[in-house]
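Take a look at the structure set out below.
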Amino acid sequence: MDITIAIDAMGGDHGPHVTVPAALKALAEDSQLNIVLVGLEDAIQAELKAHKATTTPRLRIHHASQVILMDESPQSALKNKKDSSMRIAINLVKSGEANACVSAGNTGALMATARFVLKTLPGIDRPAIASALPSETGGTYMLDLGANADCTAEQLLQFAVMGAMLVSCVQHKPNPTIGLLNIGSEDIKGNAVVKRAGELLRESHLNFYGNIEGDDIFKGTTDLVVCDGFVGNVSLKTTEGLAHMMGKFLTQEFKKNWVTKLMAITAMPVLNRFKKRLDPRSYNGASFLGLRGIVVKSHGGADDFGFYHAIHVAIDEARNGVLKRITEQLEIEHIQANSANGTTLNNESK
């Protein structure tokens, strides 16, 4: 299946130095992939030349005269950067010229611009950020990871529908399990919003496992973990900090003396395999679910290997029809968006 990915070539900390080589690698491995590099044409051409590459029918440049800075406010980006590489890449998705957009740019600006240009799917109040995390079972998806600090129970149900369909499509699991992140597994645990969300999930057609706790994320107890954006983002950043600390402590211990340094050499093959399994670059690429188009956010500091993985997240979603599946499941659940009063769930057909 031929697909086209629009890449915000100027986004992130490194711009074309990362986005261009990642795009070239993706093209070399997929003969049915087309890429549009959006940004300052001279900068993109210079990077292509540095890699002894040029534009082709499968790789073209779409000039954009502006760049959204990493610390720029979403309001400023929307109002003053209508010809930015980020905005144009999203416009290409809206017009149908691209099947998906990938950007390593400012997260707030990307979410605001994508929501303004693409709008949300019928039945969705707010988009949510979803991503895969490493677990004992290979990987666990989690959302929301920071887009919505405050959520209603009905919006948590929406997140569950979107996340379940994402996992079903890209992991090819017909009926993925869903866990609601809570302070205990019992139904009586949690605040009023989480308790009500549990009730809605039990009434739905989804495969609801029940409440799960924080350690279940990395045990892989469920295929999908659902929570509000405040809890999700804190969990994610805590995990990143813990991983960094453990890596630093391990390095310090191996460097203590010549004996430990020899031990490090002996253990190097195991350490390298361990590092590869937990390499955050392999999990790079967070999906903005709930929009009428596919938008994937790469980490701003990603290298070309990490950005390459973000491109593949977009490819997988486009090829496996994630948007279609989400829309169909929303109809099955009879969910209708109502930002003022909360989402309604009609279960008369069950």
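Simple scheme: letters A, B, ... for chains in structure tokens order, numbers from 1 for residues in each chain, numbers from 1 for ligands in the order shown.
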Inset, instruction - List every residue of range 61-242 of chain A that DSSP, applied to the backbone, labels as strand (DSSP E), and write the result as JSON, numbers by chain. - result: {"A": [61, 62, 63, 100, 101, 102, 103, 128, 129, 130, 131, 132, 133, 140, 141, 142, 143, 177, 178, 179, 180, 181, 207, 208, 209, 210, 211, 212, 224, 225, 226]}
Would you mind exporting the chosen residues as an mmCIF file, in the first residue's frame, restricted to N, CA and C atoms?
```
data_model
loop_
_atom_site.group_PDB
_atom_site.id
_atom_site.type_symbol
_atom_site.label_atom_id
_atom_site.label_comp_id
_atom_site.auth_asym_id
_atom_site.auth_seq_id
_atom_site.Cartn_x
_atom_site.Cartn_y
_atom_site.Cartn_z
ATOM 1 N N ILE A 61 10.318 18.089 -1.798
ATOM 2 C CA ILE A 61 10.413 19.158 -0.808
ATOM 3 C C ILE A 61 9.234 20.105 -0.989
ATOM 4 N N HIS A 62 8.605 20.472 0.120
ATOM 5 C CA HIS A 62 7.554 21.477 0.099
ATOM 6 C C HIS A 62 8.059 22.652 0.934
ATOM 7 N N HIS A 63 8.352 23.767 0.267
ATOM 8 C CA HIS A 63 8.951 24.909 0.966
ATOM 9 C C HIS A 63 7.967 25.538 1.950
ATOM 10 N N ALA A 100 -0.195 11.059 6.761
ATOM 11 C CA ALA A 100 0.173 11.302 8.148
ATOM 12 C C ALA A 100 1.256 12.369 8.201
ATOM 13 N N CYS A 101 1.415 12.951 9.388
ATOM 14 C CA CYS A 101 2.426 13.985 9.620
ATOM 15 C C CYS A 101 3.288 13.571 10.805
ATOM 16 N N VAL A 102 4.593 13.835 10.703
ATOM 17 C CA VAL A 102 5.519 13.556 11.810
ATOM 18 C C VAL A 102 6.304 14.834 12.103
ATOM 19 N N SER A 103 6.378 15.182 13.390
ATOM 20 C CA SER A 103 7.114 16.381 13.786
ATOM 21 C C SER A 103 7.807 16.156 15.116
ATOM 22 N N ALA A 128 -5.802 12.908 22.712
ATOM 23 C CA ALA A 128 -4.939 12.393 23.773
ATOM 24 C C ALA A 128 -3.625 11.916 23.165
ATOM 25 N N ILE A 129 -2.590 11.901 23.971
ATOM 26 C CA ILE A 129 -1.265 11.458 23.519
ATOM 27 C C ILE A 129 -1.038 10.025 23.973
ATOM 28 N N ALA A 130 -0.735 9.151 23.032
ATOM 29 C CA ALA A 130 -0.514 7.733 23.331
ATOM 30 C C ALA A 130 0.851 7.297 22.826
ATOM 31 N N SER A 131 1.468 6.385 23.567
ATOM 32 C CA SER A 131 2.760 5.855 23.137
ATOM 33 C C SER A 131 2.980 4.480 23.740
ATOM 34 N N ALA A 132 3.899 3.735 23.147
ATOM 35 C CA ALA A 132 4.266 2.425 23.672
ATOM 36 C C ALA A 132 5.400 2.576 24.674
ATOM 37 N N LEU A 133 5.366 1.763 25.725
ATOM 38 C CA LEU A 133 6.411 1.728 26.736
ATOM 39 C C LEU A 133 6.928 0.291 26.842
ATOM 40 N N THR A 140 3.758 -2.046 26.264
ATOM 41 C CA THR A 140 2.432 -1.666 26.740
ATOM 42 C C THR A 140 2.139 -0.253 26.264
ATOM 43 N N TYR A 141 0.957 -0.041 25.719
ATOM 44 C CA TYR A 141 0.572 1.298 25.288
ATOM 45 C C TYR A 141 -0.093 2.038 26.449
ATOM 46 N N MET A 142 0.097 3.349 26.462
ATOM 47 C CA MET A 142 -0.443 4.156 27.551
ATOM 48 C C MET A 142 -0.929 5.492 27.021
ATOM 49 N N LEU A 143 -2.064 5.946 27.536
ATOM 50 C CA LEU A 143 -2.573 7.279 27.257
ATOM 51 C C LEU A 143 -3.496 7.706 28.380
ATOM 52 N N THR A 177 -6.571 -5.969 25.883
ATOM 53 C CA THR A 177 -7.019 -5.729 27.250
ATOM 54 C C THR A 177 -6.724 -4.291 27.663
ATOM 55 N N ILE A 178 -7.615 -3.742 28.486
ATOM 56 C CA ILE A 178 -7.516 -2.344 28.910
ATOM 57 C C ILE A 178 -7.490 -2.277 30.425
ATOM 58 N N GLY A 179 -6.508 -1.573 30.976
ATOM 59 C CA GLY A 179 -6.425 -1.354 32.414
ATOM 60 C C GLY A 179 -6.598 0.120 32.736
ATOM 61 N N LEU A 180 -7.359 0.399 33.785
ATOM 62 C CA LEU A 180 -7.564 1.775 34.235
ATOM 63 C C LEU A 180 -6.606 2.035 35.394
ATOM 64 N N LEU A 181 -5.664 2.950 35.223
ATOM 65 C CA LEU A 181 -4.643 3.209 36.235
ATOM 66 C C LEU A 181 -5.276 3.797 37.486
ATOM 67 N N ASN A 207 -12.664 -4.699 25.987
ATOM 68 C CA ASN A 207 -12.157 -5.774 26.836
ATOM 69 C C ASN A 207 -11.493 -5.167 28.074
ATOM 70 N N PHE A 208 -12.333 -4.766 29.044
ATOM 71 C CA PHE A 208 -11.846 -4.069 30.231
ATOM 72 C C PHE A 208 -11.372 -5.069 31.278
ATOM 73 N N TYR A 209 -10.087 -5.032 31.580
ATOM 74 C CA TYR A 209 -9.486 -5.923 32.576
ATOM 75 C C TYR A 209 -9.871 -5.503 33.985
ATOM 76 N N GLY A 210 -9.916 -4.180 34.205
ATOM 77 C CA GLY A 210 -10.210 -3.638 35.526
ATOM 78 C C GLY A 210 -9.167 -2.619 35.928
ATOM 79 N N ASN A 211 -9.171 -2.255 37.198
ATOM 80 C CA ASN A 211 -8.186 -1.314 37.709
ATOM 81 C C ASN A 211 -6.811 -1.973 37.774
ATOM 82 N N ILE A 212 -5.792 -1.197 37.473
ATOM 83 C CA ILE A 212 -4.410 -1.667 37.625
ATOM 84 C C ILE A 212 -3.623 -0.610 38.375
ATOM 85 N N LEU A 224 -3.152 -2.090 27.187
ATOM 86 C CA LEU A 224 -3.343 -0.638 27.189
ATOM 87 C C LEU A 224 -3.589 -0.153 28.607
ATOM 88 N N VAL A 225 -2.973 0.976 28.956
ATOM 89 C CA VAL A 225 -3.187 1.623 30.248
ATOM 90 C C VAL A 225 -3.837 2.976 29.989
ATOM 91 N N VAL A 226 -4.947 3.246 30.678
ATOM 92 C CA VAL A 226 -5.692 4.494 30.494
ATOM 93 C C VAL A 226 -5.617 5.325 31.769
#
```
Legend entry - Non-local contacts of Thr113 in chain A (12 Å; only C-alpha atoms; under 6 positions in same chain excluded) as JSON, numbers by chain: {"A": [68, 73, 74, 75, 76, 77, 78, 79, 80, 81, 82, 83, 84, 85, 86, 87, 88, 89, 90, 91, 94, 103, 105, 106, 107, 119, 120, 288, 291, 295]}
Expected file contents, prior selection, C-alpha atoms, as an mmCIF file, in the first residue's frame:
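Listed below is the output, selection_7.cif:
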```cif
data_model
loop_
_atom_site.group_PDB
_atom_site.id
_atom_site.type_symbol
_atom_site.label_atom_id
_atom_site.label_comp_id
_atom_site.auth_asym_id
_atom_site.auth_seq_id
_atom_site.Cartn_x
_atom_site.Cartn_y
_atom_site.Cartn_z
ATOM 1 C CA ILE A 68 8.100 27.356 15.054
ATOM 2 C CA SER A 73 3.717 29.600 22.731
ATOM 3 C CA PRO A 74 0.901 27.715 20.974
ATOM 4 C CA GLN A 75 -1.014 30.980 20.604
ATOM 5 C CA SER A 76 1.902 32.668 18.844
ATOM 6 C CA ALA A 77 2.415 29.664 16.576
ATOM 7 C CA LEU A 78 -1.232 29.631 15.528
ATOM 8 C CA LYS A 79 -1.500 33.363 14.990
ATOM 9 C CA ASN A 80 1.876 34.279 13.534
ATOM 10 C CA LYS A 81 3.295 31.131 11.899
ATOM 11 C CA LYS A 82 0.729 30.155 9.280
ATOM 12 C CA ASP A 83 3.487 29.282 6.801
ATOM 13 C CA SER A 84 5.561 27.263 9.266
ATOM 14 C CA SER A 85 6.895 23.818 8.402
ATOM 15 C CA MET A 86 4.687 22.338 11.143
ATOM 16 C CA ARG A 87 1.515 24.034 9.920
ATOM 17 C CA ILE A 88 2.112 23.171 6.264
ATOM 18 C CA ALA A 89 2.843 19.511 7.091
ATOM 19 C CA ILE A 90 -0.480 19.289 8.949
ATOM 20 C CA ASN A 91 -2.237 21.097 6.089
ATOM 21 C CA LYS A 94 -5.961 17.783 5.875
ATOM 22 C CA SER A 103 7.114 16.381 13.786
ATOM 23 C CA GLY A 105 8.666 20.279 17.162
ATOM 24 C CA ASN A 106 7.107 22.112 20.081
ATOM 25 C CA THR A 107 4.507 19.755 21.615
ATOM 26 C CA LYS A 119 -10.468 19.078 14.211
ATOM 27 C CA THR A 120 -11.484 16.124 16.366
ATOM 28 C CA PHE A 288 -2.081 12.334 18.837
ATOM 29 C CA LEU A 291 -7.922 13.996 15.384
ATOM 30 C CA VAL A 295 -0.149 13.186 13.681
#
```
Inset, instruction - Using only C-alpha atoms, determine which residues lie at most 12 Å from Asp30 in chain A, disregarding the query and same-chain residues fewer than 3 positions distant; provide the list as an NGL selection string. - result: :A and (1-4 or 23-27 or 33-35 or 58 or 311-312 or 315)
Restrict the selected residues to N, CA and C atoms and save them as a short mmCIF file (atom, residue, chain, number, x, y, z; two decimals), in the first residue's frame.
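Wrote it out as result-v6.cif, contents follow:
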```
data_model
loop_
_atom_site.label_atom_id
_atom_site.label_comp_id
_atom_site.auth_asym_id
_atom_site.auth_seq_id
_atom_site.Cartn_x
_atom_site.Cartn_y
_atom_site.Cartn_z
N MET A 1 0.84 -1.19 0.00
CA MET A 1 0.00 0.00 0.00
C MET A 1 0.87 1.25 0.00
N ASP A 2 0.76 2.04 -1.06
CA ASP A 2 1.51 3.30 -1.13
C ASP A 2 0.94 4.32 -0.15
N ILE A 3 1.81 4.93 0.63
CA ILE A 3 1.38 6.00 1.52
C ILE A 3 2.38 7.14 1.45
N THR A 4 1.92 8.31 1.86
CA THR A 4 2.76 9.51 1.86
C THR A 4 2.81 10.09 3.26
N ALA A 23 14.47 10.21 7.17
CA ALA A 23 13.57 10.04 6.03
C ALA A 23 14.22 9.19 4.94
N LEU A 24 15.50 9.42 4.68
CA LEU A 24 16.22 8.64 3.66
C LEU A 24 16.29 7.16 4.04
N LYS A 25 16.51 6.88 5.32
CA LYS A 25 16.57 5.50 5.80
C LYS A 25 15.21 4.81 5.63
N ALA A 26 14.15 5.54 5.98
CA ALA A 26 12.80 4.97 5.85
C ALA A 26 12.46 4.68 4.38
N LEU A 27 12.84 5.60 3.51
CA LEU A 27 12.58 5.41 2.07
C LEU A 27 13.35 4.21 1.51
N LEU A 33 6.71 3.70 0.11
CA LEU A 33 6.64 4.91 0.92
C LEU A 33 7.04 6.15 0.12
N ASN A 34 6.27 7.21 0.29
CA ASN A 34 6.60 8.51 -0.28
C ASN A 34 6.72 9.51 0.87
N ILE A 35 7.66 10.43 0.76
CA ILE A 35 7.88 11.41 1.83
C ILE A 35 7.93 12.82 1.26
N ARG A 58 9.59 9.92 -5.25
CA ARG A 58 9.16 9.45 -3.94
C ARG A 58 9.60 10.37 -2.80
N ILE A 311 8.75 7.92 12.41
CA ILE A 311 8.19 7.80 11.05
C ILE A 311 7.45 6.48 10.92
N HIS A 312 8.02 5.42 11.47
CA HIS A 312 7.39 4.10 11.37
C HIS A 312 6.09 4.01 12.16
N ILE A 315 3.66 5.40 9.75
CA ILE A 315 3.42 4.44 8.66
C ILE A 315 2.47 3.34 9.12
#
```
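Distance-wise, CA of Ile326 in chain A and CA of Val161 in chain A end up 6.8 Å apart.
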Legend entry - Spatial neighbours of range 264-279 of chain A, 12 Å, only C-alpha atoms, chain gap at least 4 places, as JSON, numbers by chain: {"A": [132, 133, 134, 135, 136, 137, 138, 139, 218, 239, 240, 243, 244, 246, 247, 250, 251, 252, 253, 254, 255, 256, 257, 258, 259, 260, 283, 284, 302, 305, 306, 309]}
Legend entry - Nearest candidate to Gly214 in chain A (options A:Gln45, A:Thr55, A:Asn191, A:Thr238; using only C-alpha atoms):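 Closest candidate: A:Thr238.
What separates CA of Ala153 in chain A from CA of Pro174 in chain A is a distance of 24.7 Å.
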Inset, instruction - Between A:His17, A:Lys297, A:Arg60, A:Lys219, single out the one closest to Glu47 in chain A, counting only C-alpha atoms. - result: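 The shortest atom-to-atom distance to Glu47 in chain A comes from A:His17.
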Legend entry - Among the residues A:Ser204, A:Val36, A:Glu317, A:Asn175, the one that comes closest to Ala98 in chain A [using only C-alpha atoms]: A:Val36
Legend entry - Length of the CA of Asp228 in chain A to CA of Cys151 in chain A vector [Å]: 6.0 Å
Inset, instruction - Just list the residues in range 88-327 of chain A DSSP gives helix (DSSP H, G or I) on the backbone, as a PyMOL selection string. - result: chain A and resi 88-95+107-118+153-170+192-203+214-219+229-254+258-277+280-283+304-319+322-327
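With only C-alpha atoms as the atoms that count, the residue of A:Val18, A:Met165, A:Ile124, A:Ala149 with the shortest distance to Glu328 in chain A is A:Met165.
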Inset, instruction - Pick out the closest residue to Val20 in chain A from this set: A:Ala197, A:Pro176, A:Asp125, A:Phe307. Count only C-alpha atoms. - result: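 So, comparing all the options, the nearest one is A:Phe307.
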Legend entry - Minimum-distance residue to Asp303 in chain A, chosen among A:Thr54, A:Pro280, A:Val170, A:Ala147 (using only C-alpha atoms):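 Using only C-alpha atoms, Asp303 in chain A sits closest to A:Pro280.
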